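Q: What follows is work18.txt, compact mmCIF, C-alpha atoms and all ligand atoms.
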# COMPACT_ATOMS: atom_id res chain seq x y z
CA MET A 21 -6.42 35.22 18.53
CA LYS A 22 -3.11 34.71 16.85
CA VAL A 23 -3.49 32.57 13.77
CA THR A 24 -0.88 29.97 12.95
CA LEU A 25 -0.90 29.06 9.30
CA PRO A 26 -0.83 25.30 8.84
CA ASP A 27 2.18 25.40 6.53
CA SER A 28 4.23 27.38 9.03
CA SER A 29 3.86 24.81 11.77
CA ILE A 30 6.31 22.05 12.34
CA MET A 31 3.44 19.60 12.69
CA ALA A 32 2.38 20.27 9.12
CA LYS A 33 5.92 19.72 7.95
CA MET A 34 6.09 16.41 9.75
CA HIS A 35 2.72 15.46 8.34
CA ARG A 36 4.08 15.92 4.84
CA VAL A 37 7.12 13.87 5.73
CA PHE A 38 4.82 10.98 6.67
CA PHE A 39 3.58 10.61 3.16
CA ARG A 40 6.97 10.66 1.51
CA PHE A 41 8.91 8.23 3.66
CA PRO A 42 8.19 4.89 5.27
CA VAL A 43 8.01 4.87 9.07
CA PHE A 44 11.48 3.43 9.63
CA VAL A 45 13.21 6.47 8.17
CA LEU A 46 10.99 8.88 10.08
CA ILE A 47 12.46 8.63 13.54
CA PRO A 48 15.77 10.36 12.66
CA LEU A 49 13.77 12.98 10.78
CA TRP A 50 11.74 13.60 13.89
CA LEU A 51 14.85 14.16 15.89
CA VAL A 52 15.92 16.76 13.35
CA ALA A 53 12.46 18.29 13.37
CA SER A 54 12.38 18.53 17.15
CA ALA A 55 15.86 20.03 17.24
CA CYS A 56 14.66 22.70 14.82
CA GLY A 57 11.64 23.24 17.04
CA GLN A 58 13.82 24.05 20.03
CA SER A 59 15.73 26.81 18.26
CA SER A 60 12.63 28.93 18.09
CA THR A 61 12.44 32.51 16.90
CA ALA A 62 11.36 35.47 19.00
CA GLU A 63 8.04 35.34 17.23
CA ASP A 64 7.56 31.72 18.28
CA ASP A 65 8.36 32.62 21.89
CA THR A 66 5.71 35.33 21.84
CA GLU A 67 3.26 32.77 20.55
CA LEU A 68 4.15 30.34 23.32
CA ALA A 69 3.54 33.05 25.87
CA SER A 70 -0.10 33.26 24.82
CA LEU A 71 -2.40 31.91 27.51
CA SER A 72 -5.31 31.00 25.29
CA ILE A 73 -5.76 27.79 23.36
CA ASP A 74 -4.43 27.83 19.80
CA GLY A 75 -7.64 26.96 17.99
CA GLU A 76 -6.00 26.56 14.59
CA ARG A 77 -3.51 23.98 15.80
CA LEU A 78 -6.26 22.23 17.75
CA ILE A 79 -8.22 21.61 14.55
CA GLN A 80 -5.10 20.73 12.58
CA HIS A 81 -4.13 17.93 15.00
CA VAL A 82 -7.52 16.30 14.48
CA GLU A 83 -7.37 16.65 10.72
CA ILE A 84 -3.99 14.92 10.62
CA LEU A 85 -4.56 12.20 13.23
CA SER A 86 -7.93 11.22 11.74
CA SER A 87 -6.74 11.22 8.13
CA ASP A 88 -6.89 7.91 6.23
CA GLU A 89 -3.09 7.60 6.35
CA TYR A 90 -3.33 6.85 10.07
CA ARG A 91 -5.59 3.86 9.33
CA GLY A 92 -7.72 4.28 12.45
CA ARG A 93 -4.74 4.24 14.88
CA LYS A 94 -5.41 0.78 16.28
CA ALA A 95 -3.04 -0.25 19.08
CA GLY A 96 -0.06 -2.22 17.80
CA THR A 97 -0.59 -1.36 14.10
CA GLU A 98 1.48 0.85 11.82
CA GLY A 99 -1.22 3.53 12.05
CA GLY A 100 -1.02 3.34 15.83
CA GLN A 101 2.74 3.80 15.65
CA MET A 102 2.29 6.82 13.39
CA ALA A 103 -0.04 8.38 15.95
CA MET A 104 2.48 7.61 18.69
CA ALA A 105 5.26 9.28 16.67
CA TYR A 106 3.04 12.31 16.05
CA VAL A 107 2.31 12.83 19.75
CA GLU A 108 5.93 12.21 20.66
CA ALA A 109 7.06 14.83 18.15
CA ALA A 110 4.48 17.25 19.51
CA TYR A 111 5.84 16.75 23.04
CA ASP A 112 9.33 17.40 21.69
CA GLU A 113 8.16 20.53 19.94
CA LEU A 114 6.65 21.80 23.19
CA GLY A 115 10.00 21.30 24.92
CA ILE A 116 8.47 19.22 27.72
CA PHE A 117 10.18 16.27 29.38
CA PRO A 118 9.62 12.62 30.30
CA VAL A 119 8.69 11.75 33.86
CA CYS A 120 8.49 7.95 33.79
CA GLY A 121 12.08 7.05 32.88
CA ASP A 122 14.27 8.61 30.22
CA THR A 123 11.75 8.67 27.37
CA PHE A 124 8.11 9.61 26.92
CA ARG A 125 7.34 5.98 26.11
CA GLN A 126 5.81 3.70 28.68
CA PRO A 127 5.53 0.41 26.76
CA PHE A 128 3.23 -2.45 27.71
CA SER A 129 1.82 -5.46 25.92
CA PHE A 130 -1.35 -7.52 25.96
CA GLU A 131 -2.73 -10.63 24.30
CA GLY A 132 -4.82 -9.83 21.23
CA ARG A 133 -6.67 -12.22 18.92
CA ASN A 134 -3.57 -12.77 16.81
CA GLY A 135 -0.97 -12.86 19.55
CA THR A 136 0.89 -10.39 21.68
CA VAL A 137 0.26 -6.71 20.91
CA ASP A 138 2.86 -4.10 21.83
CA ALA A 139 1.37 -0.79 22.93
CA VAL A 140 2.84 2.46 24.25
CA ASN A 141 1.64 5.21 26.57
CA LEU A 142 3.33 8.60 26.16
CA ILE A 143 3.93 10.32 29.48
CA ALA A 144 5.37 13.82 29.92
CA HIS A 145 5.21 16.50 32.54
CA ILE A 146 5.20 20.22 33.10
CA PRO A 147 6.49 20.94 36.62
CA GLY A 148 4.21 22.96 38.86
CA THR A 149 5.27 26.03 40.80
CA ALA A 150 4.54 24.54 44.24
CA GLY A 151 6.46 21.30 43.70
CA GLU A 152 3.86 19.15 45.41
CA GLY A 153 1.24 16.80 43.93
CA ALA A 154 0.12 16.27 40.35
CA ILE A 155 -2.85 16.44 38.02
CA VAL A 156 -2.90 13.82 35.26
CA LEU A 157 -4.45 14.95 31.97
CA THR A 158 -5.37 11.87 29.92
CA ALA A 159 -6.56 11.27 26.35
CA HIS A 160 -6.35 8.01 24.42
CA TYR A 161 -4.74 8.20 20.99
CA ASP A 162 -5.73 4.74 19.75
CA HIS A 163 -8.94 3.96 17.90
CA LEU A 164 -10.53 0.97 16.17
CA GLY A 165 -8.40 0.58 13.03
CA VAL A 166 -9.79 -0.95 9.82
CA PHE A 167 -12.63 -3.49 9.42
CA ASN A 168 -13.70 -4.86 6.04
CA ASP A 169 -11.70 -2.16 4.26
CA ASP A 170 -13.54 0.57 6.17
CA ILE A 171 -11.24 2.94 8.01
CA TYR A 172 -12.53 3.97 11.42
CA ASN A 173 -10.93 7.41 11.47
CA GLY A 174 -11.89 8.31 15.04
CA ALA A 175 -11.87 12.07 14.58
CA ASP A 176 -13.98 12.79 17.63
CA ASP A 177 -13.00 9.50 19.34
CA ASN A 178 -10.36 10.49 20.21
CA ALA A 179 -8.16 12.57 17.94
CA SER A 180 -10.10 15.45 19.50
CA GLY A 181 -9.00 14.60 23.05
CA VAL A 182 -5.37 14.22 21.98
CA ALA A 183 -5.53 17.60 20.25
CA GLY A 184 -7.02 19.09 23.40
CA LEU A 185 -4.28 17.55 25.53
CA LEU A 186 -1.54 18.94 23.27
CA GLU A 187 -2.94 22.46 23.09
CA VAL A 188 -3.78 22.64 26.80
CA ALA A 189 -0.19 21.53 27.39
CA ARG A 190 1.05 24.38 25.20
CA ALA A 191 -0.96 26.91 27.22
CA VAL A 192 0.18 25.44 30.56
CA GLN A 193 3.79 25.33 29.39
CA SER A 194 3.69 29.11 28.98
CA ALA A 195 2.16 29.62 32.45
CA PRO A 196 2.53 26.53 34.69
CA LEU A 197 0.00 25.35 37.26
CA THR A 198 0.86 25.13 40.94
CA HIS A 199 0.65 21.33 40.74
CA ASP A 200 2.67 19.25 38.31
CA LEU A 201 0.75 18.56 35.12
CA ILE A 202 1.30 15.00 33.88
CA LEU A 203 0.35 14.53 30.22
CA ALA A 204 -0.70 10.99 29.43
CA ALA A 205 -1.55 10.14 25.82
CA LEU A 206 -2.77 6.58 26.32
CA ASP A 207 -2.87 3.55 24.06
CA ALA A 208 -5.32 0.64 23.85
CA GLU A 209 -8.31 2.39 25.44
CA GLU A 210 -10.55 0.74 22.88
CA THR A 211 -9.25 -2.68 23.96
CA GLY A 212 -10.41 -2.18 27.56
CA LEU A 213 -8.73 0.94 28.99
CA LEU A 214 -5.47 -1.00 28.96
CA GLY A 215 -3.13 1.99 28.72
CA ALA A 216 -4.80 3.73 31.65
CA ARG A 217 -4.78 0.52 33.69
CA HIS A 218 -1.09 0.07 32.95
CA LEU A 219 -0.26 3.66 33.92
CA VAL A 220 -2.19 3.60 37.19
CA GLY A 221 -0.65 0.24 38.11
CA SER A 222 2.92 1.25 37.26
CA ASP A 223 5.72 1.96 39.73
CA CYS A 224 6.15 5.37 38.15
CA PHE A 225 2.58 6.30 39.03
CA ASP A 226 3.17 5.66 42.72
CA ASP A 227 5.84 8.36 42.75
CA LEU A 228 3.70 11.05 41.12
CA ASP A 229 1.42 11.87 44.10
CA VAL A 230 -1.64 12.20 41.84
CA ARG A 231 -4.47 14.34 43.21
CA LEU A 232 -6.79 14.52 40.20
CA ASN A 233 -7.42 13.03 36.75
CA VAL A 234 -8.89 15.11 33.93
CA ASN A 235 -9.82 12.83 31.04
CA LEU A 236 -10.67 13.96 27.51
CA ASP A 237 -12.52 11.54 25.22
CA MET A 238 -14.70 12.95 22.41
CA ILE A 239 -14.82 16.74 22.80
CA SER A 240 -15.24 17.95 19.21
CA ARG A 241 -18.68 17.00 17.90
CA ASN A 242 -21.98 18.26 19.27
CA LYS A 243 -24.47 20.32 17.30
CA ALA A 244 -26.27 21.47 20.45
CA GLY A 245 -23.02 22.82 21.92
CA GLU A 246 -23.25 20.58 24.99
CA LEU A 247 -20.18 19.34 26.84
CA TYR A 248 -20.47 16.96 29.77
CA ALA A 249 -18.32 17.16 32.89
CA SER A 250 -18.91 13.72 34.34
CA GLY A 251 -17.77 12.41 37.70
CA THR A 252 -19.12 15.00 40.13
CA TYR A 253 -21.68 12.50 41.47
CA HIS A 254 -18.70 10.64 42.94
CA TYR A 255 -16.67 13.74 43.79
CA PRO A 256 -19.27 16.45 44.56
CA PHE A 257 -16.62 18.95 45.70
CA LEU A 258 -15.58 19.31 42.04
CA LYS A 259 -18.96 20.57 40.91
CA PRO A 260 -18.93 24.14 42.32
CA VAL A 261 -15.41 24.60 40.96
CA LEU A 262 -16.57 23.67 37.46
CA GLU A 263 -19.79 25.67 37.73
CA ASN A 264 -17.75 28.81 38.33
CA VAL A 265 -15.64 28.42 35.18
CA GLU A 266 -16.60 30.84 32.45
CA THR A 267 -18.00 29.27 29.26
CA ARG A 268 -18.09 30.77 25.80
CA GLU A 269 -21.59 31.52 24.56
CA ASN A 270 -21.73 28.54 22.18
CA LEU A 271 -21.01 26.03 24.94
CA THR A 272 -23.31 24.64 27.61
CA LEU A 273 -21.74 22.64 30.43
CA LEU A 274 -23.79 19.69 31.64
CA PHE A 275 -23.26 17.32 34.55
CA GLY A 276 -24.32 13.69 34.79
CA HIS A 277 -23.72 10.31 33.16
CA ASP A 278 -22.15 9.29 36.45
CA GLU A 279 -25.05 8.25 38.66
CA PRO A 280 -26.16 4.64 38.98
CA GLY A 281 -29.87 4.24 38.23
CA SER A 282 -30.21 7.53 36.35
CA THR A 283 -31.86 7.59 32.90
CA LEU A 284 -28.50 8.66 31.42
CA MET A 285 -25.98 5.93 30.70
CA ASP A 286 -23.40 5.69 33.49
CA TRP A 287 -20.00 6.62 32.04
CA SER A 288 -18.13 6.15 35.33
CA ASN A 289 -16.19 3.18 33.93
CA SER A 290 -16.43 3.91 30.20
CA SER A 291 -13.09 5.62 29.51
CA ASP A 292 -9.58 6.08 30.87
CA HIS A 293 -10.71 7.85 34.05
CA ALA A 294 -12.04 4.51 35.38
CA PRO A 295 -8.74 3.13 36.74
CA PHE A 296 -8.13 6.46 38.52
CA HIS A 297 -11.62 6.29 40.03
CA ALA A 298 -10.99 2.70 41.11
CA ALA A 299 -7.82 3.89 42.85
CA GLY A 300 -9.83 6.53 44.74
CA ILE A 301 -8.42 9.44 42.74
CA PRO A 302 -11.01 12.13 41.90
CA PHE A 303 -11.69 12.52 38.18
CA VAL A 304 -13.49 14.78 35.76
CA TYR A 305 -14.33 13.30 32.41
CA PHE A 306 -15.05 15.75 29.59
CA GLY A 307 -16.95 14.38 26.60
CA VAL A 308 -20.01 14.72 24.39
CA GLU A 309 -23.13 12.59 24.13
CA ASP A 310 -22.72 9.67 21.72
CA HIS A 311 -23.53 10.74 18.14
CA GLU A 312 -24.38 8.90 14.92
CA GLY A 313 -20.70 8.66 14.02
CA TYR A 314 -19.73 6.97 17.30
CA HIS A 315 -17.71 3.80 16.61
CA THR A 316 -18.57 3.88 12.90
CA PRO A 317 -16.49 4.83 9.83
CA GLU A 318 -18.47 8.11 9.91
CA ASP A 319 -16.51 9.54 12.84
CA VAL A 320 -14.62 11.81 10.44
CA PHE A 321 -12.93 15.20 10.50
CA GLU A 322 -15.54 16.73 8.18
CA ASP A 323 -18.28 16.15 10.77
CA ILE A 324 -16.68 17.65 13.85
CA THR A 325 -18.18 20.98 14.99
CA PRO A 326 -15.07 23.21 15.04
CA ALA A 327 -16.41 26.25 16.90
CA PHE A 328 -17.81 24.03 19.66
CA PHE A 329 -14.55 22.06 19.76
CA GLN A 330 -12.51 25.22 20.25
CA SER A 331 -14.85 26.35 23.03
CA ALA A 332 -14.66 22.92 24.66
CA ALA A 333 -10.85 22.96 24.67
CA ASP A 334 -10.88 26.51 25.98
CA PHE A 335 -13.20 25.40 28.76
CA VAL A 336 -11.02 22.42 29.66
CA HIS A 337 -8.01 24.72 29.94
CA LYS A 338 -9.80 27.19 32.21
CA ALA A 339 -11.32 24.37 34.27
CA LEU A 340 -7.88 22.82 34.73
CA ARG A 341 -6.58 26.10 36.17
CA SER A 342 -9.55 26.42 38.53
CA LEU A 343 -9.21 22.81 39.67
CA ASP A 344 -5.48 23.33 40.24
CA GLU A 345 -6.30 26.18 42.62
CA ALA A 346 -9.04 24.19 44.34
CA ILE A 347 -7.05 21.02 45.09
CA PRO A 348 -5.78 22.13 48.53
CA GLY A 349 -9.43 22.32 49.64
CA PHE A 350 -10.34 18.82 48.47
CA PRO A 351 -11.38 16.43 51.25
CA PRO A 352 -8.79 13.79 52.18
CA ALA A 353 -8.99 10.64 50.05
CA SER A 354 -11.19 7.94 51.56
CA SER A 355 -9.40 4.76 52.44
CA ASP A 356 -12.14 2.31 51.38
ZN ZN A 401 -12.76 7.11 23.15
When written as C-alpha cells, how does the structure in this file appear?

A:
Amino acid sequence: MKVTLPDSSIMAKMHRVFFRFPVFVLIPLWLVASACGQSSTAEDDTELASLSIDGERLIQHVEILSSDEYRGRKAGTEGGQMAMAYVEAAYDELGIFPVCGDTFRQPFSFEGRNGTVDAVNLIAHIPGTAGEGAIVLTAHYDHLGVFNDDIYNGADDNASGVAGLLEVARAVQSAPLTHDLILAALDAEETGLLGARHLVGSDCFDDLDVRLNVNLDMISRNKAGELYASGTYHYPFLKPVLENVETRENLTLLFGHDEPGSTLMDWSNSSDHAPFHAAGIPFVYFGVEDHEGYHTPEDVFEDITPAFFQSAADFVHKALRSLDEAIPGFPPASSD
C-alpha cells in the first residue's frame, strides 16, 4: 500500500491552518488550497489511480475531525461549521462536483432549544459509466457537541463514517461505478436524522433516480473485528451480494439488527438510512455494535481500532462495487 505522509497531504495543511486563523478568514484559504489541489503532480495522479482505500488518510480524517478543536461538531455550532468546511475542502481536493445546485451545500434549518439552527448537508457526485440511476453513500458529520465542559469528540460516531465516505470516494473517482455515486455528508443526524430527512424530501433527490443507500455510521471501533451489514431482513436480495464480498482476515461480517422481535436491537430506523427505507429505497447500513464509548466523551480517536477500521472501509468499498453490479437484478420497488 502506498503510504501518504500526513504532512504531505493537503488535509494536514488545512488542519494546521485551522489553528492559526479564525473561521472567517479560512474560506478564501480553502479556495487557494483547493486550487493547489487541482494542479496535481504526476505522482499524485498515480496515487489517485490506486483502487484500494488509502488507509493512512482514512485514519488521519478521524484524528482531525474528532480532535478537541472541532468541539464535538454539533449542528449549527462553530465546530459543526469547521467539520463542514473540512468535508467541503476534501470534496474540492478530490475534484468532484456538486449535483444539487451550484455548490455542495444543501442548507436547511430546524427549531432547536435556543431558536432556529442552520444546518448543511454536503452533496457531491461521481458520474457512473452507464448514465442511469444512482447509489447514495451517506455518513453524518455532526455529533453531540459539548456538555458541562466535556467534549463529545465522536471519533467512531461518526468521524469514522465520514472518513470512509471520503476515501471510498477517492477510490471510486479513480475507477467509477456504472451507477452515479452520490456522496452525502449529512448534518443533524443526532437531532433526529434531520439531514437525511431533508435530503430525501428535497426536489433534488427526486431527480437522482436513487436505487440504493449505503450508510456508514460507526465503522472504526470493535475489538472483536465484527462489522454489521444491517438491512437485509428488509431487502433479502442484498444478502447474497454482500456474502460474496471478500473480507480481510481481521474482519467478520455479520447480519442482523434489522428484524422486529429479534434479541438484537432493531437499527432499521436508528441512523440516516431510515428516510431512504421509508421511501422504499433499499439500504445497507454498515456499523459496529454499541461500545462503552458510545455517546460519551470517551468516543475518542485513541480508542478506535485502526486495523479493523481499515478493513471495514476496504470492505465497504468492495461491497459498493458488488452492489453496483447487482442493481440491475434487484426486484422492482414495491409500491406500498
Ligand atoms: Zn452516528

Q: Tell me, counting only C-alpha atoms and all ligand atoms, for each residue of chain A within 6 Å of ligand ZN 401 (chain A), which pair of atoms is nearest and how far apart they are in Å to one decimal, in rows ordered by chain and increasing number, as a Markdown table.

A:
| residue | atom | partner | partner_atom | distance |
| --- | --- | --- | --- | --- |
| A:Asp177 | CA | A:ZN401 | ZN | 4.5 |
| A:Asn178 | CA | A:ZN401 | ZN | 5.1 |
| A:Asp237 | CA | A:ZN401 | ZN | 4.9 |

Q: Calculate how many Å separate CA of Leu164 (chain A) from CA of Lys94 (chain A), rounding to one decimal.

A: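 Computing it gives 5.1 Å between the two atoms.
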
Q: Determine the nearest neighbour of Pro348 (chain A) from the options A:Phe257, A:Tyr161, A:Tyr111, A:Tyr106, counting only C-alpha atoms.

A: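 Smallest distance to Pro348 (chain A) is found for A:Phe257.
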
Q: At most 7 Å is the cut-off: for each residue in region 183-233 of chain A with any atom that close to an atom of region 72-89 of chain A, write down the nearest atom pair and the distance in Å rounded to one decimal, counting all atoms listed in the file, chain first then increasing number, as JSON lines.

A:
{"residue": "A:Ala183", "atom": "CA", "partner": "A:Leu78", "partner_atom": "CA", "distance": 5.3}
{"residue": "A:Gly184", "atom": "CA", "partner": "A:Leu78", "partner_atom": "CA", "distance": 6.5}
{"residue": "A:Glu187", "atom": "CA", "partner": "A:Ile73", "partner_atom": "CA", "distance": 6.0}
{"residue": "A:Val188", "atom": "CA", "partner": "A:Ile73", "partner_atom": "CA", "distance": 6.5}
{"residue": "A:Ala191", "atom": "CA", "partner": "A:Ile73", "partner_atom": "CA", "distance": 6.2}

Q: Give me the residues near Leu219 (chain A) as a ChimeraX atom specification, where near means some atom within 12 Å (using only C-alpha atoms) and where sequence neighbours in that chain fewer than 6 positions away do not count.

A: /A:120,125-128,139-143,156,158,202-209,213,225-228,230,292-296,299
